Amino acid sequence: MPPRKNRKSKPSYNWHLYKKRHLIENMFAKLKDWRRVATRYDRCAHTFMSAIQIAASFIFYLKE
């Protein structure tokens with residue numbers, strides 16, 4: 001994470017890695033809006049993964 005602006009000694013950080021991490025965290029936040037994914041109604045792992053993939057593709061479709 002980037003250091004605060006008021007720090008005297010600023011440690012280095014990878015800005016590109018932080019940006020990618022932020023995108024992934026936003027995607028998880030959008031996936032949690034889907035009740036089925038957030039509460040994990042599916043018992044099988046492959047069914048749950050397919051629900052995540054459907055939700056992610058729908059979110060991507062709405063984005064464009």
# chains A, B, ... in the order shown; residues from 1 in each chain; ligands from 1
call {"tool": "residues_around", "arguments": {"residues": "stretch 15-22 of chain A", "least_positions_apart": "4", "cutoff": "12 Å", "atoms": "only C-alpha atoms", "output": "ChimeraX atom specification"}}
result
/A:1-3,26-29
call {"tool": "residues_around", "arguments": {"residues": "stretch 56-61 of chain A", "least_positions_apart": "4", "cutoff": "8 Å", "atoms": "only C-alpha atoms", "output": "list of chain:residue names"}}
result
A:Met27, A:Lys30, A:Leu31, A:Ile52
call {"tool": "atom_distance", "arguments": {"atom1": "atom CA of A:Thr39", "atom2": "atom CA of A:Gln53"}}
result
15.6 Å
call {"tool": "residues_around", "arguments": {"residues": "A:Arg36", "least_positions_apart": "4", "cutoff": "10 Å", "atoms": "only C-alpha atoms", "output": "list of chain:residue names"}}
result
A:Leu31, A:Lys32, A:Arg40, A:Tyr41, A:Asp42, A:Phe48, A:Ala51, A:Ile52, A:Ala55
call {"tool": "write_last_selection", "arguments": {"atoms": "N, CA and C atoms", "output": "PDB file, in the first residue's frame"}}
result
ATOM      1  N   LEU A  31     -18.668  -8.939  -6.671  1.00  0.00           N
ATOM      2  CA  LEU A  31     -19.183 -10.303  -6.573  1.00  0.00           C
ATOM      3  C   LEU A  31     -20.001 -10.502  -5.303  1.00  0.00           C
ATOM      4  N   LYS A  32     -19.671  -9.784  -4.243  1.00  0.00           N
ATOM      5  CA  LYS A  32     -20.418  -9.912  -2.995  1.00  0.00           C
ATOM      6  C   LYS A  32     -21.818  -9.335  -3.103  1.00  0.00           C
ATOM      7  N   ARG A  40     -22.823 -18.379  -0.526  1.00  0.00           N
ATOM      8  CA  ARG A  40     -22.376 -19.698  -0.972  1.00  0.00           C
ATOM      9  C   ARG A  40     -23.441 -20.761  -0.736  1.00  0.00           C
ATOM     10  N   TYR A  41     -24.507 -20.659  -1.502  1.00  0.00           N
ATOM     11  CA  TYR A  41     -25.592 -21.630  -1.430  1.00  0.00           C
ATOM     12  C   TYR A  41     -25.191 -22.982  -2.015  1.00  0.00           C
ATOM     13  N   ASP A  42     -24.269 -23.006  -2.938  1.00  0.00           N
ATOM     14  CA  ASP A  42     -23.904 -24.238  -3.622  1.00  0.00           C
ATOM     15  C   ASP A  42     -23.059 -25.127  -2.714  1.00  0.00           C
ATOM     16  N   PHE A  48     -20.146 -23.894  -7.334  1.00  0.00           N
ATOM     17  CA  PHE A  48     -19.855 -22.561  -6.802  1.00  0.00           C
ATOM     18  C   PHE A  48     -18.940 -21.785  -7.740  1.00  0.00           C
ATOM     19  N   ALA A  51     -20.867 -20.520 -10.652  1.00  0.00           N
ATOM     20  CA  ALA A  51     -21.671 -19.353 -10.282  1.00  0.00           C
ATOM     21  C   ALA A  51     -20.805 -18.098 -10.248  1.00  0.00           C
ATOM     22  N   ILE A  52     -19.580 -18.215  -9.756  1.00  0.00           N
ATOM     23  CA  ILE A  52     -18.653 -17.077  -9.738  1.00  0.00           C
ATOM     24  C   ILE A  52     -18.326 -16.644 -11.162  1.00  0.00           C
ATOM     25  N   ALA A  55     -21.320 -14.853 -12.711  1.00  0.00           N
ATOM     26  CA  ALA A  55     -21.461 -13.516 -12.140  1.00  0.00           C
ATOM     27  C   ALA A  55     -20.371 -12.580 -12.662  1.00  0.00           C
TER      28      ALA A  55
END
call {"tool": "atom_distance", "arguments": {"atom1": "atom CA of A:Ile54", "atom2": "atom CA of A:Val37"}}
result
10.2 Å
call {"tool": "atom_distance", "arguments": {"atom1": "atom CA of A:Leu62", "atom2": "atom CA of A:Cys44"}}
result
27.3 Å
